[in-house]
$ cat data-v4.cif   # mmCIF, C-alpha atoms
data_coords
#
loop_
_atom_site.label_atom_id
_atom_site.label_comp_id
_atom_site.auth_asym_id
_atom_site.auth_seq_id
_atom_site.Cartn_x
_atom_site.Cartn_y
_atom_site.Cartn_z
CA MET A 228 -51.30 -16.87 -34.27
CA ARG A 229 -49.92 -13.37 -34.95
CA VAL A 230 -46.21 -12.87 -34.39
CA ASN A 231 -44.47 -9.63 -33.61
CA GLN A 232 -42.35 -9.25 -36.76
CA ALA A 233 -40.11 -6.59 -35.21
CA ALA A 234 -39.14 -9.03 -32.48
CA VAL A 235 -38.33 -11.76 -35.00
CA ASN A 236 -36.19 -9.42 -37.12
CA ALA A 237 -34.29 -8.16 -34.07
CA LEU A 238 -33.53 -11.70 -32.91
CA ALA A 239 -32.41 -12.78 -36.36
CA CYS A 240 -30.05 -9.84 -36.59
CA ALA A 241 -28.67 -10.41 -33.11
CA PHE A 242 -27.96 -14.12 -33.57
CA GLY A 243 -26.68 -13.72 -37.15
CA THR A 244 -24.20 -10.98 -36.27
CA HIS A 245 -22.85 -12.53 -33.06
CA SER A 246 -22.83 -16.25 -33.83
CA ALA A 247 -19.16 -16.56 -32.79
CA ALA A 248 -19.40 -14.40 -29.67
CA ALA A 249 -18.23 -15.48 -26.21
CA SER A 250 -20.49 -17.09 -23.63
CA SER A 251 -21.07 -13.78 -21.84
CA GLU A 252 -22.35 -12.27 -25.08
CA ARG A 253 -24.64 -15.27 -25.62
CA ASN A 254 -26.12 -14.62 -22.18
CA TRP A 255 -26.88 -11.07 -23.20
CA SER A 256 -28.55 -12.35 -26.42
CA ARG A 257 -30.65 -14.75 -24.35
CA GLU A 258 -31.72 -11.89 -22.13
CA LEU A 259 -32.57 -9.81 -25.21
CA GLN A 260 -34.69 -12.65 -26.58
CA LEU A 261 -36.58 -13.01 -23.32
CA SER A 262 -37.21 -9.29 -23.04
CA MET A 263 -38.70 -8.95 -26.56
CA PRO A 264 -42.44 -8.10 -26.85
CA LEU A 265 -44.67 -11.14 -26.46
CA SER A 266 -46.94 -12.49 -29.17
CA THR A 267 -50.51 -11.31 -28.84
CA ASN A 268 -51.84 -14.81 -28.08
CA GLU A 269 -49.29 -15.63 -25.31
CA ASP A 270 -51.05 -16.44 -22.05
CA GLU A 271 -50.30 -15.04 -18.62
CA ARG A 272 -48.45 -18.20 -17.60
CA GLY A 273 -45.91 -17.66 -20.38
CA ARG A 274 -45.43 -14.09 -19.27
CA GLY A 275 -44.74 -15.19 -15.69
CA GLU A 276 -42.15 -17.80 -16.73
CA ARG A 277 -40.33 -15.29 -18.88
CA LYS A 278 -40.21 -12.77 -16.03
CA LYS A 279 -38.71 -15.37 -13.68
CA LYS A 280 -35.96 -16.26 -16.19
CA LEU A 281 -35.02 -12.60 -16.58
CA GLU A 282 -34.82 -12.20 -12.80
CA LYS A 283 -32.51 -15.23 -12.52
CA ILE A 284 -30.15 -13.85 -15.18
CA ALA A 285 -29.98 -10.48 -13.41
CA ALA A 286 -29.34 -12.15 -10.04
CA ARG A 287 -26.46 -14.28 -11.42
CA ARG A 288 -24.81 -11.25 -13.00
CA ASN A 289 -25.11 -9.22 -9.79
CA ASP A 290 -23.64 -12.03 -7.69
CA ALA A 291 -20.68 -12.48 -10.06
CA SER A 292 -19.94 -8.75 -9.96
CA LYS A 293 -19.89 -8.73 -6.14
CA LYS A 294 -17.51 -11.71 -5.95
CA SER A 295 -15.11 -10.15 -8.47
CA GLY A 296 -15.00 -6.84 -6.59
CA ALA A 297 -14.40 -8.53 -3.24
CA THR A 298 -11.50 -10.55 -4.62
CA ILE A 299 -9.77 -7.46 -6.02
CA ASP A 300 -10.24 -5.38 -2.87
CA ASP A 301 -9.08 -8.14 -0.54
CA GLY A 302 -6.00 -8.72 -2.66
CA LEU A 303 -4.96 -5.08 -2.64
CA MET A 304 -5.48 -4.74 1.09
CA GLY A 305 -3.56 -7.95 1.74
CA ARG A 306 -0.55 -6.76 -0.27
CA SER A 307 -0.58 -3.39 1.44
CA ALA A 308 -0.66 -4.90 4.93
CA LYS A 309 2.10 -7.35 4.06
CA ALA A 310 4.30 -4.62 2.56
CA LYS A 311 4.55 -2.63 5.79
CA SER A 312 3.91 -4.18 9.20
CA LEU A 313 4.57 -1.55 11.87
CA VAL A 314 5.36 -1.83 15.57
CA ASP A 315 4.10 1.19 17.52
CA CYS A 316 6.18 2.11 20.55
CA ILE A 317 6.31 4.53 23.44
CA ASP A 318 9.52 4.77 25.50
CA GLY A 319 10.75 1.46 24.13
CA ASN A 320 7.59 -0.55 24.83
CA THR A 321 4.78 -1.50 22.49
CA VAL A 322 1.50 0.38 22.59
CA LYS A 323 -0.70 -2.66 22.04
CA VAL A 324 0.82 -4.95 24.67
CA PRO A 325 2.04 -3.18 27.83
CA GLY A 326 5.28 -4.58 29.23
CA VAL A 327 6.43 -5.97 25.87
CA THR A 328 9.44 -4.15 24.44
CA CYS A 329 9.66 -2.99 20.83
CA GLU A 330 12.56 -5.39 20.31
CA GLU A 331 10.47 -8.30 21.52
CA ALA A 332 7.51 -7.29 19.37
CA CYS A 333 9.75 -7.08 16.30
CA GLY A 334 10.71 -10.72 16.67
CA GLY A 335 14.06 -10.25 14.94
CA GLU A 336 12.58 -8.31 12.00
CA CYS A 337 13.48 -4.88 13.43
CA CYS A 338 15.15 -3.38 16.52
CA VAL A 339 17.98 -5.90 16.31
CA GLY A 340 21.03 -5.43 18.53
CA ASP A 341 21.80 -4.71 22.16
CA ASP A 342 19.69 -1.81 23.45
CA SER A 343 18.25 -1.13 20.00
CA CYS A 344 14.96 0.79 20.24
CA LYS A 345 15.44 1.19 23.98
CA GLY A 346 13.46 4.31 24.94
CA PHE A 347 12.24 4.61 21.34
CA THR A 348 8.98 6.41 20.63
CA GLY A 349 7.36 6.08 17.23
CA SER A 350 6.65 3.35 14.66
CA VAL A 351 9.20 0.96 13.18
CA ALA A 352 8.59 -1.39 10.25
CA LYS A 353 9.36 -5.09 10.39
CA ASP A 354 11.74 -4.84 7.46
CA GLY A 355 15.18 -4.68 9.04
CA SER A 356 14.87 -1.11 10.29
CA CYS A 357 16.68 0.02 13.47
CA ASP A 358 19.34 -2.67 13.11
CA GLY A 359 22.47 -2.34 15.22
CA GLU A 360 23.59 -1.83 18.79
CA GLU A 361 21.70 1.16 20.23
CA ALA A 362 20.09 1.84 16.85
CA CYS A 363 17.06 4.12 17.35
CA ARG A 364 17.77 4.26 21.07
CA ASN A 365 15.93 7.16 22.76
CA ALA A 366 14.85 8.37 19.32
CA LYS A 367 11.54 10.01 18.52
CA ILE A 368 10.68 9.08 14.96
CA GLY A 369 7.19 9.07 13.46
CA GLU A 370 7.99 6.14 11.17
CA VAL A 371 11.14 4.19 10.33
CA SER A 372 10.89 1.90 7.30
CA GLY A 373 12.74 0.51 4.30
CA GLY A 374 15.61 -0.93 6.32
CA SER A 375 16.56 2.53 7.59
CA CYS A 376 18.57 3.46 10.70
CA ASP A 377 20.92 0.56 10.01
CA GLY A 378 24.16 0.53 11.97
CA ASN A 379 25.42 0.83 15.53
CA SER A 380 23.93 3.99 17.09
CA ALA A 381 22.18 4.85 13.82
CA CYS A 382 19.37 7.34 14.57
CA GLN A 383 20.21 7.21 18.26
CA GLY A 384 18.62 10.16 20.04
CA ALA A 385 17.25 11.51 16.75
CA THR A 386 14.06 13.50 16.33
CA ILE A 387 12.71 12.85 12.83
CA SER A 388 9.23 12.68 11.32
CA VAL A 389 9.97 10.02 8.69
CA VAL A 390 13.02 7.93 7.79
CA SER A 391 12.54 5.71 4.74
CA ASP A 392 14.12 4.09 1.66
CA GLY A 393 17.21 2.73 3.41
CA SER A 394 18.28 6.11 4.83
CA CYS A 395 20.47 6.83 7.88
CA LYS A 396 22.73 3.82 7.29
CA ASN A 397 26.10 2.95 8.82
CA PRO A 398 27.33 3.57 12.38
CA GLY A 399 26.31 6.90 13.88
CA ALA A 400 24.23 7.96 10.89
CA CYS A 401 21.59 10.55 11.91
CA PHE A 402 22.87 10.39 15.50
CA ARG A 403 20.91 13.00 17.50
CA ALA A 404 19.78 14.60 14.26
CA GLU A 405 16.74 16.84 14.09
CA ILE A 406 15.31 16.41 10.62
CA SER A 407 11.79 16.51 9.23
CA VAL A 408 12.16 13.85 6.50
CA VAL A 409 15.05 11.62 5.44
CA SER A 410 14.36 9.57 2.30
CA GLY A 411 15.82 8.21 -0.92
CA GLY A 412 18.80 6.47 0.66
CA SER A 413 20.14 9.70 2.20
CA CYS A 414 22.46 10.21 5.20
CA ASP A 415 24.44 7.11 4.24
CA GLY A 416 27.89 6.83 5.77
CA ASN A 417 29.66 6.76 9.12
CA SER A 418 28.14 9.57 11.22
CA ALA A 419 26.35 10.98 8.17
CA CYS A 420 23.91 13.74 9.25
CA TYR A 421 25.37 13.47 12.74
CA TYR A 422 23.79 16.21 14.93
CA ALA A 423 22.32 17.75 11.78
CA GLU A 424 19.39 20.14 11.79
CA ILE A 425 17.80 19.93 8.36
CA GLY A 426 14.26 20.30 7.05
CA VAL A 427 14.37 17.62 4.33
CA VAL A 428 17.13 15.33 3.10
CA SER A 429 16.28 13.32 -0.03
CA GLY A 430 17.55 12.01 -3.37
CA GLN A 431 20.59 10.11 -2.03
CA SER A 432 22.07 13.21 -0.42
CA CYS A 433 24.57 13.42 2.43
CA VAL A 434 26.32 10.22 1.37
CA GLY A 435 30.01 10.04 2.28
CA VAL A 436 32.29 7.05 1.86
CA GLY A 437 34.67 8.33 4.51
CA GLY A 438 31.93 9.56 6.82
CA TYR A 439 30.54 12.69 8.48
CA ALA A 440 28.65 13.88 5.40
CA CYS A 441 26.31 16.68 6.49
CA SER A 442 27.28 16.24 10.14
CA ASN A 443 26.36 19.25 12.31
CA ALA A 444 24.76 20.78 9.23
CA LYS A 445 21.93 23.27 9.46
CA ALA A 446 19.89 23.71 6.32
CA GLN A 447 16.31 23.92 5.12
CA SER A 448 16.71 21.15 2.53
CA ILE A 449 19.36 19.00 0.86
CA THR A 450 18.22 17.17 -2.26
CA LYS A 451 19.24 15.41 -5.48
CA SER A 452 22.53 13.70 -4.66
CA SER A 453 24.04 16.71 -2.91
CA CYS A 454 26.90 16.47 -0.41
CA THR A 455 28.22 13.08 -1.43
CA TYR A 456 31.79 13.02 -0.24
CA PHE A 457 33.88 12.85 2.92
CA SER A 458 32.83 15.47 5.51
CA ALA A 459 30.61 17.15 2.92
CA PHE A 460 28.64 20.05 4.35
CA GLN A 461 30.14 19.38 7.78
CA GLY A 462 29.36 22.15 10.21
CA LEU A 463 27.83 24.40 7.56
CA GLY A 464 25.09 26.55 9.04
#
$ encode --input "data-v4.cif" --output "C-alpha cells"
Amino acid sequence: MRVNQAAVNALACAFGTHSAAASSERNWSRELQLSMPLSTNEDERGRGERKKKLEKIAARRNDASKKSGATIDDGLMGRSAKAKSLVDCIDGNTVKVPGVTCEEACGGECCVGDDSCKGFTGSVAKDGSCDGEEACRNAKIGEVSGGSCDGNSACQGATISVVSDGSCKNPGACFRAEISVVSGGSCDGNSACYYAEIGVVSGQSCVGVGGYACSNAKAQSITKSSCTYFSAFQGLG
C-alpha cells in the first residue's frame, strides 16, 4: 500500500510540536489529521466516514460559539436593564398603565413624598430620584436619574432635558428652573439653581452650603466646579 509521505510528515510535525497543547488544540490537530490527503488505496467507505467526522467537529465548534455569544450578550443586556429602570409619565400618571400614578408605579423607589411627581411629565429612574414632598411636581424633565431631584420641592415646576448624577439636591434645588442639562452633582444646596435659566450645568457647579447658588441665574453654561459658595451667581444675567 502506498502512503502519502507528505501527510505523514505533516502529522509527525504537528503532534511532535504540540504534544503539551490544550484540548482545543488537540481537536484542531485531529481535524488536521482527518483532512490530510487519503492514501491511494483507501476505499470510498473510508472517505465517507472521514467526511462525517469532519462535519461533526465543525458542527460542535459552531454550536459552542453560538452559546458563548448568547451568554455574553444576555449578560450585558441584563446589567444595562437593571442599572436603569425608568417610569415614563404624563401629567403624573404612567404611560403604560392608565390610571396608575408615577408614585404608585415607582413602588417606593422613586417619587417618594407627599405630592411628589404629581403632574410630572417625563421619565424617572427607580433609584431614589424625585425624593421629597412635591419633588418633581408639575415638572417637565426628559429623564431624572442617579438619585437626582432629592429634597422637598426639588425640581418642582422645572423644565429640564436631563438631570443626572445626584444633581438638584436639597430643598428647592432647581425649583422652576429652565435648564438643558444638569449633571455631575450640580445644583446642590438649598434653592440651588432656583428659577435659573442655564444651558448646561455640570462638573459639580452651583453648589452652595448656605444655599441659593446660581439662583435666578441666566447663563449659557456653568461647568467645572464653578459657583460653589453661598448665593454664588445669584441673579447674574
$ resolve_selection --input "data-v4.cif" --expression "the PyMOL selection byres ((chain A and resi 422-424) around 12)" --output "PyMOL selection string"
chain A and resi 381-387+395+399-409+414+418-421+425-428+433+439-449+460-464
$ write_last_selection --input "data-v4.cif" --atoms "C-alpha atoms" --output "short mmCIF file (atom, residue, chain, number, x, y, z; two decimals), keeping the file's coordinate frame"
data_model
loop_
_atom_site.label_atom_id
_atom_site.label_comp_id
_atom_site.auth_asym_id
_atom_site.auth_seq_id
_atom_site.Cartn_x
_atom_site.Cartn_y
_atom_site.Cartn_z
CA ALA A 381 22.18 4.85 13.82
CA CYS A 382 19.37 7.34 14.57
CA GLN A 383 20.21 7.21 18.26
CA GLY A 384 18.62 10.16 20.04
CA ALA A 385 17.25 11.51 16.75
CA THR A 386 14.06 13.50 16.33
CA ILE A 387 12.71 12.85 12.83
CA CYS A 395 20.47 6.83 7.88
CA GLY A 399 26.31 6.90 13.88
CA ALA A 400 24.23 7.96 10.89
CA CYS A 401 21.59 10.55 11.91
CA PHE A 402 22.87 10.39 15.50
CA ARG A 403 20.91 13.00 17.50
CA ALA A 404 19.78 14.60 14.26
CA GLU A 405 16.74 16.84 14.09
CA ILE A 406 15.31 16.41 10.62
CA SER A 407 11.79 16.51 9.23
CA VAL A 408 12.16 13.85 6.50
CA VAL A 409 15.05 11.62 5.44
CA CYS A 414 22.46 10.21 5.20
CA SER A 418 28.14 9.57 11.22
CA ALA A 419 26.35 10.98 8.17
CA CYS A 420 23.91 13.74 9.25
CA TYR A 421 25.37 13.47 12.74
CA ILE A 425 17.80 19.93 8.36
CA GLY A 426 14.26 20.30 7.05
CA VAL A 427 14.37 17.62 4.33
CA VAL A 428 17.13 15.33 3.10
CA CYS A 433 24.57 13.42 2.43
CA TYR A 439 30.54 12.69 8.48
CA ALA A 440 28.65 13.88 5.40
CA CYS A 441 26.31 16.68 6.49
CA SER A 442 27.28 16.24 10.14
CA ASN A 443 26.36 19.25 12.31
CA ALA A 444 24.76 20.78 9.23
CA LYS A 445 21.93 23.27 9.46
CA ALA A 446 19.89 23.71 6.32
CA GLN A 447 16.31 23.92 5.12
CA SER A 448 16.71 21.15 2.53
CA ILE A 449 19.36 19.00 0.86
CA PHE A 460 28.64 20.05 4.35
CA GLN A 461 30.14 19.38 7.78
CA GLY A 462 29.36 22.15 10.21
CA LEU A 463 27.83 24.40 7.56
CA GLY A 464 25.09 26.55 9.04
#
$ atom_distance --input "data-v4.cif" --atom1 "atom CA of Ser380 of chain A" --atom2 "atom CA of Pro398 of chain A"
5.8 Å
$ residues_around --input "data-v4.cif" --residues "Gly340 of chain A" --least-positions-apart "4" --cutoff "9 Å" --atoms "only C-alpha atoms" --output "PyMOL selection string"
chain A and resi 330+344+357-362+379
$ closest_residue --input "data-v4.cif" --among "A:Val351, A:Cys333, A:Val324, A:Val314" --to "Ser388 of chain A" --atoms "all atoms listed in the file"
A:Val351
$ resolve_selection --input "data-v4.cif" --expression "the PyMOL selection byres ((chain A and resi 411) around 6)" --output "number ranges by chain"
A: 392, 410, 412-413, 429-431
$ atom_distance --input "data-v4.cif" --atom1 "atom CA of Lys396 of chain A" --atom2 "atom CA of Ala332 of chain A"
22.4 Å
$ atom_distance --input "data-v4.cif" --atom1 "atom CA of Cys376 of chain A" --atom2 "atom CA of Ser432 of chain A"
15.2 Å
$ closest_residue --input "data-v4.cif" --among "A:Gly334, A:Gly326, A:Gly319, A:Gly435" --to "Ile368 of chain A" --atoms "all atoms listed in the file"
A:Gly319
$ resolve_selection --input "data-v4.cif" --expression "the PyMOL selection byres ((chain A and resi 318) around 7)" --output "NGL selection string"
:A and (316-317 or 319-320 or 346-348)
$ axis_aligned_box --input "data-v4.cif" --around "segment 444-458 of chain A" --padding-each-side "4 Å" --output "lines of an AutoDock Vina configuration file"
center_x = 25.1
center_y = 18.4
center_z = 2.0
size_x = 25.6
size_y = 19.1
size_z = 22.9
$ closest_residue --input "data-v4.cif" --among "A:Gly378, A:Gly335, A:Gly438, A:Gly369" --to "Gly349 of chain A" --atoms "all atoms listed in the file"
A:Gly369
